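A.B. asks: Coordinates in protein37.pdb, PDB, C-alpha atoms, pLDDT in the B column, are listed below.
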ATOM      1  CA  MET A  69      24.444  31.750  29.083  1.00 50.00           C
ATOM      2  CA  ARG A  70      22.595  33.213  32.055  1.00 57.00           C
ATOM      3  CA  ASN A  71      21.503  36.184  29.967  1.00 58.00           C
ATOM      4  CA  THR A  72      19.834  33.942  27.378  1.00 61.00           C
ATOM      5  CA  ARG A  73      17.961  32.046  30.079  1.00 59.00           C
ATOM      6  CA  ALA A  74      16.781  35.280  31.657  1.00 49.00           C
ATOM      7  CA  LEU A  75      15.763  36.570  28.245  1.00 47.00           C
ATOM      8  CA  ALA A  76      13.832  33.333  27.507  1.00 52.00           C
ATOM      9  CA  VAL A  77      12.005  33.521  30.865  1.00 49.00           C
ATOM     10  CA  ALA A  78      11.119  37.176  30.280  1.00 48.00           C
ATOM     11  CA  GLY A  79       9.861  36.355  26.768  1.00 48.00           C
ATOM     12  CA  ALA A  80       7.693  33.531  28.134  1.00 47.00           C
ATOM     13  CA  ALA A  81       6.260  35.846  30.798  1.00 47.00           C
ATOM     14  CA  VAL A  82       5.401  38.501  28.199  1.00 44.00           C
ATOM     15  CA  ALA A  83       3.780  35.849  25.960  1.00 50.00           C
ATOM     16  CA  ALA A  84       1.692  34.505  28.867  1.00 49.00           C
ATOM     17  CA  LEU A  85       0.566  38.020  29.767  1.00 43.00           C
ATOM     18  CA  GLY A  86      -0.278  38.753  26.123  1.00 49.00           C
ATOM     19  CA  LEU A  87      -2.348  35.577  25.802  1.00 48.00           C
ATOM     20  CA  SER A  88      -4.257  36.230  29.033  1.00 48.00           C
ATOM     21  CA  ALA A  89      -5.296  39.786  28.097  1.00 44.00           C
ATOM     22  CA  PRO A  90      -7.994  38.705  25.582  1.00 47.00           C
ATOM     23  CA  ALA A  91      -9.456  36.358  28.212  1.00 43.00           C
ATOM     24  CA  ALA A  92      -9.803  39.270  30.625  1.00 42.00           C
ATOM     25  CA  LEU A  93     -11.584  41.348  27.996  1.00 44.00           C
ATOM     26  CA  ALA A  94     -14.032  38.524  27.291  1.00 41.00           C
ATOM     27  CA  TRP A  95     -15.939  39.459  30.441  1.00 42.00           C
ATOM     28  CA  GLU A  96     -16.726  42.891  29.044  1.00 51.00           C
ATOM     29  CA  THR A  97     -17.479  42.153  25.402  1.00 58.00           C
ATOM     30  CA  PRO A  98     -20.042  39.713  24.010  1.00 66.00           C
ATOM     31  CA  SER A  99     -18.517  36.454  22.839  1.00 72.00           C
ATOM     32  CA  ASN A 100     -19.395  32.873  22.084  1.00 87.00           C
ATOM     33  CA  ILE A 101     -22.960  33.192  20.812  1.00 91.00           C
ATOM     34  CA  THR A 102     -24.652  29.781  21.013  1.00 92.00           C
ATOM     35  CA  ALA A 103     -27.993  28.921  19.399  1.00 93.00           C
ATOM     36  CA  LEU A 104     -29.659  25.599  20.217  1.00 94.00           C
ATOM     37  CA  PRO A 105     -30.934  23.685  18.375  1.00 93.00           C
ATOM     38  CA  SER A 106     -28.736  24.550  15.415  1.00 92.00           C
ATOM     39  CA  VAL A 107     -31.378  23.235  12.973  1.00 93.00           C
ATOM     40  CA  ILE A 108     -34.946  24.315  13.695  1.00 93.00           C
ATOM     41  CA  ALA A 109     -38.349  24.343  12.006  1.00 91.00           C
ATOM     42  CA  ARG A 110     -40.501  27.423  11.572  1.00 91.00           C
ATOM     43  CA  GLY A 111     -42.424  28.255  14.756  1.00 91.00           C
ATOM     44  CA  GLY A 112     -39.831  26.505  16.957  1.00 92.00           C
ATOM     45  CA  GLN A 113     -38.117  27.972  20.025  1.00 95.00           C
ATOM     46  CA  LEU A 114     -34.428  28.836  19.761  1.00 95.00           C
ATOM     47  CA  ALA A 115     -32.369  29.098  22.975  1.00 96.00           C
ATOM     48  CA  ILE A 116     -29.681  31.800  22.666  1.00 95.00           C
ATOM     49  CA  THR A 117     -26.746  32.006  25.100  1.00 94.00           C
ATOM     50  CA  VAL A 118     -24.080  34.741  25.038  1.00 92.00           C
ATOM     51  CA  ASP A 119     -20.941  34.840  27.193  1.00 90.00           C
ATOM     52  CA  GLY A 120     -19.616  38.219  28.327  1.00 86.00           C
ATOM     53  CA  CYS A 121     -23.008  39.917  28.351  1.00 86.00           C
ATOM     54  CA  ARG A 122     -23.334  40.762  32.074  1.00 84.00           C
ATOM     55  CA  GLY A 123     -26.211  43.200  32.007  1.00 87.00           C
ATOM     56  CA  GLY A 124     -28.215  41.338  29.367  1.00 89.00           C
ATOM     57  CA  GLY A 125     -28.957  42.642  25.917  1.00 92.00           C
ATOM     58  CA  THR A 126     -30.903  42.047  22.725  1.00 95.00           C
ATOM     59  CA  ALA A 127     -30.537  39.351  20.048  1.00 95.00           C
ATOM     60  CA  THR A 128     -31.803  40.031  16.536  1.00 95.00           C
ATOM     61  CA  SER A 129     -32.064  38.045  13.310  1.00 95.00           C
ATOM     62  CA  ASN A 130     -34.081  38.053  10.100  1.00 95.00           C
ATOM     63  CA  ALA A 131     -35.762  34.830  11.279  1.00 94.00           C
ATOM     64  CA  PHE A 132     -37.196  36.112  14.589  1.00 95.00           C
ATOM     65  CA  SER A 133     -38.300  39.286  16.353  1.00 95.00           C
ATOM     66  CA  PRO A 134     -35.792  41.081  18.614  1.00 95.00           C
ATOM     67  CA  THR A 135     -35.401  38.977  21.744  1.00 95.00           C
ATOM     68  CA  ARG A 136     -34.395  40.160  25.225  1.00 95.00           C
ATOM     69  CA  LEU A 137     -31.387  38.408  26.782  1.00 94.00           C
ATOM     70  CA  SER A 138     -31.423  38.255  30.577  1.00 93.00           C
ATOM     71  CA  PRO A 139     -28.362  37.844  32.825  1.00 92.00           C
ATOM     72  CA  VAL A 140     -27.922  34.391  34.337  1.00 87.00           C
ATOM     73  CA  GLY A 141     -26.950  33.796  37.982  1.00 73.00           C
ATOM     74  CA  GLY A 142     -27.043  35.784  41.207  1.00 54.00           C
ATOM     75  CA  GLY A 143     -25.028  38.835  42.234  1.00 48.00           C
ATOM     76  CA  GLY A 144     -21.577  38.205  43.687  1.00 43.00           C
ATOM     77  CA  LYS A 145     -21.575  34.460  43.036  1.00 43.00           C
ATOM     78  CA  GLY A 146     -20.358  32.440  40.114  1.00 42.00           C
ATOM     79  CA  ASN A 147     -17.249  32.630  37.963  1.00 43.00           C
ATOM     80  CA  GLU A 148     -16.668  36.371  38.215  1.00 42.00           C
ATOM     81  CA  GLY A 149     -14.697  36.106  41.481  1.00 41.00           C
ATOM     82  CA  ASP A 150     -13.878  39.588  42.761  1.00 38.00           C
ATOM     83  CA  ARG A 151     -14.683  41.331  39.459  1.00 42.00           C
ATOM     84  CA  GLY A 152     -18.150  42.292  40.714  1.00 42.00           C
ATOM     85  CA  GLY A 153     -21.278  42.396  38.634  1.00 44.00           C
ATOM     86  CA  ALA A 154     -24.238  40.105  38.404  1.00 46.00           C
ATOM     87  CA  GLY A 155     -23.984  36.448  37.521  1.00 52.00           C
ATOM     88  CA  ASN A 156     -21.147  34.898  35.618  1.00 65.00           C
ATOM     89  CA  GLY A 157     -21.293  37.211  32.607  1.00 84.00           C
ATOM     90  CA  THR A 158     -23.689  35.005  30.645  1.00 91.00           C
ATOM     91  CA  ALA A 159     -27.033  36.094  29.234  1.00 92.00           C
ATOM     92  CA  ARG A 160     -29.787  33.882  27.848  1.00 95.00           C
ATOM     93  CA  GLY A 161     -33.024  34.297  25.968  1.00 96.00           C
ATOM     94  CA  THR A 162     -35.556  32.325  23.919  1.00 96.00           C
ATOM     95  CA  ALA A 163     -36.580  33.382  20.429  1.00 96.00           C
ATOM     96  CA  VAL A 164     -39.535  32.029  18.445  1.00 95.00           C
ATOM     97  CA  ILE A 165     -38.795  31.487  14.755  1.00 94.00           C
ATOM     98  CA  ASN A 166     -41.249  33.316  12.464  1.00 93.00           C
ATOM     99  CA  SER A 167     -43.777  31.051  10.752  1.00 90.00           C
ATOM    100  CA  ASP A 168     -42.961  32.690   7.419  1.00 90.00           C
ATOM    101  CA  ALA A 169     -39.153  32.352   7.737  1.00 91.00           C
ATOM    102  CA  ARG A 170     -37.581  30.957   4.582  1.00 92.00           C
ATOM    103  CA  PRO A 171     -35.456  27.819   4.865  1.00 93.00           C
ATOM    104  CA  GLY A 172     -31.736  28.547   5.084  1.00 93.00           C
ATOM    105  CA  SER A 173     -28.951  29.727   7.379  1.00 94.00           C
ATOM    106  CA  TYR A 174     -29.379  32.847   9.517  1.00 95.00           C
ATOM    107  CA  ASP A 175     -27.024  35.136  11.433  1.00 95.00           C
ATOM    108  CA  ILE A 176     -27.581  36.322  15.007  1.00 95.00           C
ATOM    109  CA  THR A 177     -26.542  39.839  16.061  1.00 94.00           C
ATOM    110  CA  VAL A 178     -26.259  40.546  19.791  1.00 93.00           C
ATOM    111  CA  ASP A 179     -26.168  43.994  21.387  1.00 93.00           C
ATOM    112  CA  CYS A 180     -24.870  43.987  24.974  1.00 89.00           C
ATOM    113  CA  GLY A 181     -24.586  47.389  26.571  1.00 84.00           C
ATOM    114  CA  GLY A 182     -23.691  49.136  23.328  1.00 86.00           C
ATOM    115  CA  ARG A 183     -21.250  46.454  22.153  1.00 90.00           C
ATOM    116  CA  THR A 184     -22.331  44.452  19.136  1.00 91.00           C
ATOM    117  CA  MET A 185     -21.285  41.023  17.915  1.00 91.00           C
ATOM    118  CA  THR A 186     -22.586  38.941  14.999  1.00 93.00           C
ATOM    119  CA  LYS A 187     -22.320  35.187  14.621  1.00 93.00           C
ATOM    120  CA  PRO A 188     -22.722  34.250  10.947  1.00 93.00           C
ATOM    121  CA  GLN A 189     -24.795  31.175  10.107  1.00 93.00           C
ATOM    122  CA  ALA A 190     -25.667  30.618  13.773  1.00 93.00           C
ATOM    123  CA  PHE A 191     -28.664  28.382  12.988  1.00 95.00           C
ATOM    124  CA  THR A 192     -30.574  26.887  10.069  1.00 94.00           C
ATOM    125  CA  VAL A 193     -34.321  27.039   9.468  1.00 93.00           C
ATOM    126  CA  ILE A 194     -35.818  24.037   7.690  1.00 91.00           C
ATOM    127  CA  GLY A 195     -39.103  23.961   5.786  1.00 79.00           C
ATOM    128  CA  GLY A 196     -41.994  22.280   7.519  1.00 62.00           C
ATOM    129  CA  VAL A 197     -44.436  19.787   6.062  1.00 56.00           C
ATOM    130  CA  ARG A 198     -47.989  20.607   5.224  1.00 56.00           C
ATOM    131  CA  GLY A 199     -49.878  18.344   7.601  1.00 59.00           C
ATOM    132  CA  GLY A 200     -53.550  17.540   7.975  1.00 57.00           C
ATOM    133  CA  LEU A 201     -54.368  17.349   4.285  1.00 56.00           C
ATOM    134  CA  GLY A 202     -53.806  13.631   3.832  1.00 54.00           C
ATOM    135  CA  GLY A 203     -51.337  14.237   1.033  1.00 53.00           C
ATOM    136  CA  SER A 204     -53.849  16.116  -1.079  1.00 53.00           C
ATOM    137  CA  THR A 205     -54.153  19.782  -1.834  1.00 54.00           C
ATOM    138  CA  THR A 206     -57.283  19.556  -4.023  1.00 56.00           C
ATOM    139  CA  THR A 207     -60.854  18.863  -2.981  1.00 62.00           C
ATOM    140  CA  GLY A 208     -62.941  16.126  -4.597  1.00 69.00           C
ATOM    141  CA  ALA A 209     -62.206  13.844  -7.517  1.00 77.00           C
ATOM    142  CA  THR A 210     -60.901  15.224 -10.782  1.00 83.00           C
ATOM    143  CA  PRO A 211     -62.383  14.149 -14.147  1.00 87.00           C
ATOM    144  CA  THR A 212     -59.353  11.907 -14.673  1.00 89.00           C
ATOM    145  CA  ASP A 213     -60.022  10.144 -11.355  1.00 88.00           C
ATOM    146  CA  VAL A 214     -63.665   9.562 -12.352  1.00 90.00           C
ATOM    147  CA  ALA A 215     -62.652   8.161 -15.762  1.00 94.00           C
ATOM    148  CA  ILE A 216     -60.110   5.768 -14.240  1.00 94.00           C
ATOM    149  CA  GLY A 217     -62.589   4.583 -11.590  1.00 94.00           C
ATOM    150  CA  GLY A 218     -65.365   4.107 -14.184  1.00 95.00           C
ATOM    151  CA  GLY A 219     -63.014   2.105 -16.415  1.00 96.00           C
ATOM    152  CA  LEU A 220     -62.052  -0.189 -13.531  1.00 96.00           C
ATOM    153  CA  VAL A 221     -65.722  -0.794 -12.625  1.00 96.00           C
ATOM    154  CA  ALA A 222     -66.571  -1.552 -16.278  1.00 96.00           C
ATOM    155  CA  ALA A 223     -63.652  -3.981 -16.549  1.00 96.00           C
ATOM    156  CA  ALA A 224     -64.794  -5.735 -13.369  1.00 95.00           C
ATOM    157  CA  VAL A 225     -68.390  -6.079 -14.709  1.00 95.00           C
ATOM    158  CA  VAL A 226     -67.195  -7.483 -18.064  1.00 95.00           C
ATOM    159  CA  GLY A 227     -64.748  -9.841 -16.367  1.00 93.00           C
ATOM    160  CA  GLY A 228     -67.439 -11.059 -13.951  1.00 92.00           C
ATOM    161  CA  GLY A 229     -69.883 -11.601 -16.821  1.00 91.00           C
ATOM    162  CA  VAL A 230     -67.353 -13.653 -18.813  1.00 90.00           C
ATOM    163  CA  PHE A 231     -66.532 -15.756 -15.743  1.00 89.00           C
ATOM    164  CA  TRP A 232     -70.244 -16.381 -15.037  1.00 87.00           C
ATOM    165  CA  MET A 233     -70.944 -17.349 -18.660  1.00 85.00           C
ATOM    166  CA  ARG A 234     -68.022 -19.823 -18.696  1.00 83.00           C
ATOM    167  CA  ARG A 235     -69.161 -21.460 -15.457  1.00 79.00           C
ATOM    168  CA  ARG A 236     -72.656 -21.847 -16.865  1.00 74.00           C
ATOM    169  CA  ALA A 237     -71.320 -23.491 -20.019  1.00 69.00           C
ATOM    170  CA  GLU A 238     -69.283 -26.011 -17.991  1.00 71.00           C
ATOM    171  CA  ARG A 239     -72.406 -27.267 -16.179  1.00 69.00           C
ATOM    172  CA  ARG A 240     -74.094 -28.262 -19.474  1.00 67.00           C
ATOM    173  CA  ILE A 241     -71.366 -30.638 -20.517  1.00 63.00           C
TER     174      ILE A 241
END
Take the structure in the file and give it back as structure tokens.
C.D. replies:
Amino acid sequence: MRNTRALAVAGAAVAALGLSAPAALAWETPSNITALPSVIARGGQLAITVDGCRGGGTATSNAFSPTRLSPVGGGGKGNEGDRGGAGNGTARGTAVINSDARPGSYDITVDCGGRTMTKPQAFTVIGGVRGGLGGSTTTGATPTDVAIGGGLVAAAVVGGGVFWMRRRAERRI
């Protein structure tokens, strides 16, 4: 009975150690790429945050030019404890979406000190509206517009004439 308890405790210790190992590696490899806002219009600014990118790096996508990621925080302070290094292992940067980016989902690829990570469909570009034209893309009136306007004016003249003639006839009676 004591052997099974000892074996169970040893198994739990090995499992805890095995689960904590990936967390320790997270400080040395890029992870958790965050892009805010997740839906953005062309020409907008996209804030990119990457955990585990101590020395900074570069973020790339088909929707924006390569963007420099800078380390966040001061040396020796933050969440790194006695691990050393600058900041808390987080890097941030701001990318400007190209004005000719097509609407759709885009990936972000981050390079931090030679280690690369890609987040698929990290953000979505939406199409913008064409403002300042008042809803029109042509200049001036078309022949159809002129014909419709002329017909309405003619109908108003005929209707006014009929009304005037009827009023004149009522006065004679």
A.B. asks: Go through A:Thr128, A:Thr162, A:Ala209, A:Gly111 one by one, measure the shortest atom-to-atom distance of each to A:Tyr174 using only C-alpha atoms, and give the residue with the smallest value.
C.D. replies: A:Thr128
A.B. asks: List the residues matched by the PyMOL selection byres ((chain A and resi 182-186) around 10) in the displayed structure as a VMD selection string, ordered by chain and then by residue number.
C.D. replies: chain A and resid 96 to 101 118 121 125 to 129 175 to 181 187 to 190
A.B. asks: Write the selection just made, keeping C-alpha atoms, as an mmCIF file, keeping the file's coordinate frame?
C.D. replies:
data_model
loop_
_atom_site.group_PDB
_atom_site.id
_atom_site.type_symbol
_atom_site.label_atom_id
_atom_site.label_comp_id
_atom_site.auth_asym_id
_atom_site.auth_seq_id
_atom_site.Cartn_x
_atom_site.Cartn_y
_atom_site.Cartn_z
ATOM 1 C CA GLU A 96 -16.726 42.891 29.044
ATOM 2 C CA THR A 97 -17.479 42.153 25.402
ATOM 3 C CA PRO A 98 -20.042 39.713 24.010
ATOM 4 C CA SER A 99 -18.517 36.454 22.839
ATOM 5 C CA ASN A 100 -19.395 32.873 22.084
ATOM 6 C CA ILE A 101 -22.960 33.192 20.812
ATOM 7 C CA VAL A 118 -24.080 34.741 25.038
ATOM 8 C CA CYS A 121 -23.008 39.917 28.351
ATOM 9 C CA GLY A 125 -28.957 42.642 25.917
ATOM 10 C CA THR A 126 -30.903 42.047 22.725
ATOM 11 C CA ALA A 127 -30.537 39.351 20.048
ATOM 12 C CA THR A 128 -31.803 40.031 16.536
ATOM 13 C CA SER A 129 -32.064 38.045 13.310
ATOM 14 C CA ASP A 175 -27.024 35.136 11.433
ATOM 15 C CA ILE A 176 -27.581 36.322 15.007
ATOM 16 C CA THR A 177 -26.542 39.839 16.061
ATOM 17 C CA VAL A 178 -26.259 40.546 19.791
ATOM 18 C CA ASP A 179 -26.168 43.994 21.387
ATOM 19 C CA CYS A 180 -24.870 43.987 24.974
ATOM 20 C CA GLY A 181 -24.586 47.389 26.571
ATOM 21 C CA LYS A 187 -22.320 35.187 14.621
ATOM 22 C CA PRO A 188 -22.722 34.250 10.947
ATOM 23 C CA GLN A 189 -24.795 31.175 10.107
ATOM 24 C CA ALA A 190 -25.667 30.618 13.773
#
A.B. asks: Could you tell me how far atom CA of A:Asp119 sits from atom CA of A:Ala169, in Å to one decimal place?
C.D. replies: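 Calculated distance between atom CA of A:Ala169 and atom CA of A:Asp119 is 26.8 Å.
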A.B. asks: Find the distance between atom CA of A:Gly161 and atom CA of A:Ala115 and write it in Å to one decimal.
C.D. replies: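 So the answer is 6.0 Å.
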A.B. asks: As an exercise, work out the distance from atom CA of A:Ile108 to atom CA of A:Val193 in Å and give it to one decimal place.
C.D. replies: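 Between atom CA of A:Ile108 and atom CA of A:Val193 the gap works out to 5.1 Å.
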A.B. asks: On this structure, which residues satisfy the PyMOL selection byres ((chain A and resi 110) around 9), written as a PyMOL selection string?
C.D. replies: chain A and resi 108-109+111-113+131+164-171+193-196
A.B. asks: Can you pull out every residue within 8 Å of A:Thr158, counting all atoms listed in the file, but drop anything in the same chain fewer than 2 positions away, and send it as a PDB file with C-alpha atoms, in the coordinates of the input?
C.D. replies:
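Resulting contents of result_15.pdb:
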ATOM      1  CA  THR A 117     -26.746  32.006  25.100  1.00 94.00           C
ATOM      2  CA  VAL A 118     -24.080  34.741  25.038  1.00 92.00           C
ATOM      3  CA  ASP A 119     -20.941  34.840  27.193  1.00 90.00           C
ATOM      4  CA  GLY A 120     -19.616  38.219  28.327  1.00 86.00           C
ATOM      5  CA  CYS A 121     -23.008  39.917  28.351  1.00 86.00           C
ATOM      6  CA  ARG A 122     -23.334  40.762  32.074  1.00 84.00           C
ATOM      7  CA  GLY A 124     -28.215  41.338  29.367  1.00 89.00           C
ATOM      8  CA  PRO A 139     -28.362  37.844  32.825  1.00 92.00           C
ATOM      9  CA  VAL A 140     -27.922  34.391  34.337  1.00 87.00           C
ATOM     10  CA  GLY A 155     -23.984  36.448  37.521  1.00 52.00           C
ATOM     11  CA  ASN A 156     -21.147  34.898  35.618  1.00 65.00           C
ATOM     12  CA  ARG A 160     -29.787  33.882  27.848  1.00 95.00           C
TER      13      ARG A 160
END
A.B. asks: I need the output of the PyMOL selection byres ((chain A and resi 106) around 9) for this file as a VMD selection string; which residues are they?
C.D. replies: chain A and resid 102 to 105 107 to 108 114 190 to 193
A.B. asks: Pick out the closest residue to A:Phe132 from this set: A:Ala163, A:Ile116, A:Ala222, A:Val230. Count only C-alpha atoms.
C.D. replies: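 Of A:Ala163, A:Ile116, A:Ala222, A:Val230, the one nearest A:Phe132 is A:Ala163, counting only C-alpha atoms.
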A.B. asks: Taking the partial coordinates given, rebuild stretch 211-225 of chain A to contain N, CA and C atoms; return it as a short mmCIF file (atom, residue, chain, number, x, y, z; two decimals), in the coordinates of the input.
C.D. replies:
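Okay, this is what ended up in rebuild.cif:
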data_model
loop_
_atom_site.label_atom_id
_atom_site.label_comp_id
_atom_site.auth_asym_id
_atom_site.auth_seq_id
_atom_site.Cartn_x
_atom_site.Cartn_y
_atom_site.Cartn_z
N PRO A 211 -61.81 14.94 -13.05
CA PRO A 211 -62.38 14.15 -14.15
C PRO A 211 -61.53 12.93 -14.51
N THR A 212 -60.23 13.05 -14.39
CA THR A 212 -59.35 11.91 -14.67
C THR A 212 -59.59 10.79 -13.66
N ASP A 213 -59.74 11.14 -12.38
CA ASP A 213 -60.02 10.14 -11.36
C ASP A 213 -61.34 9.42 -11.64
N VAL A 214 -62.36 10.15 -12.05
CA VAL A 214 -63.66 9.56 -12.35
C VAL A 214 -63.55 8.62 -13.54
N ALA A 215 -62.81 9.00 -14.57
CA ALA A 215 -62.65 8.16 -15.76
C ALA A 215 -61.92 6.86 -15.42
N ILE A 216 -60.86 6.98 -14.62
CA ILE A 216 -60.11 5.77 -14.24
C ILE A 216 -60.99 4.85 -13.40
N GLY A 217 -61.70 5.39 -12.43
CA GLY A 217 -62.59 4.58 -11.59
C GLY A 217 -63.69 3.93 -12.40
N GLY A 218 -64.31 4.68 -13.33
CA GLY A 218 -65.36 4.11 -14.18
C GLY A 218 -64.84 2.99 -15.05
N GLY A 219 -63.62 3.16 -15.59
CA GLY A 219 -63.01 2.10 -16.42
C GLY A 219 -62.75 0.84 -15.61
N LEU A 220 -62.30 0.98 -14.37
CA LEU A 220 -62.05 -0.19 -13.53
C LEU A 220 -63.35 -0.92 -13.19
N VAL A 221 -64.42 -0.17 -12.92
CA VAL A 221 -65.72 -0.79 -12.62
C VAL A 221 -66.23 -1.53 -13.86
N ALA A 222 -66.12 -0.91 -15.04
CA ALA A 222 -66.57 -1.55 -16.28
C ALA A 222 -65.78 -2.82 -16.55
N ALA A 223 -64.47 -2.79 -16.33
CA ALA A 223 -63.65 -3.98 -16.55
C ALA A 223 -64.05 -5.09 -15.58
N ALA A 224 -64.37 -4.73 -14.34
CA ALA A 224 -64.79 -5.74 -13.37
C ALA A 224 -66.13 -6.36 -13.77
N VAL A 225 -67.09 -5.56 -14.28
CA VAL A 225 -68.39 -6.08 -14.71
C VAL A 225 -68.21 -7.02 -15.90
#
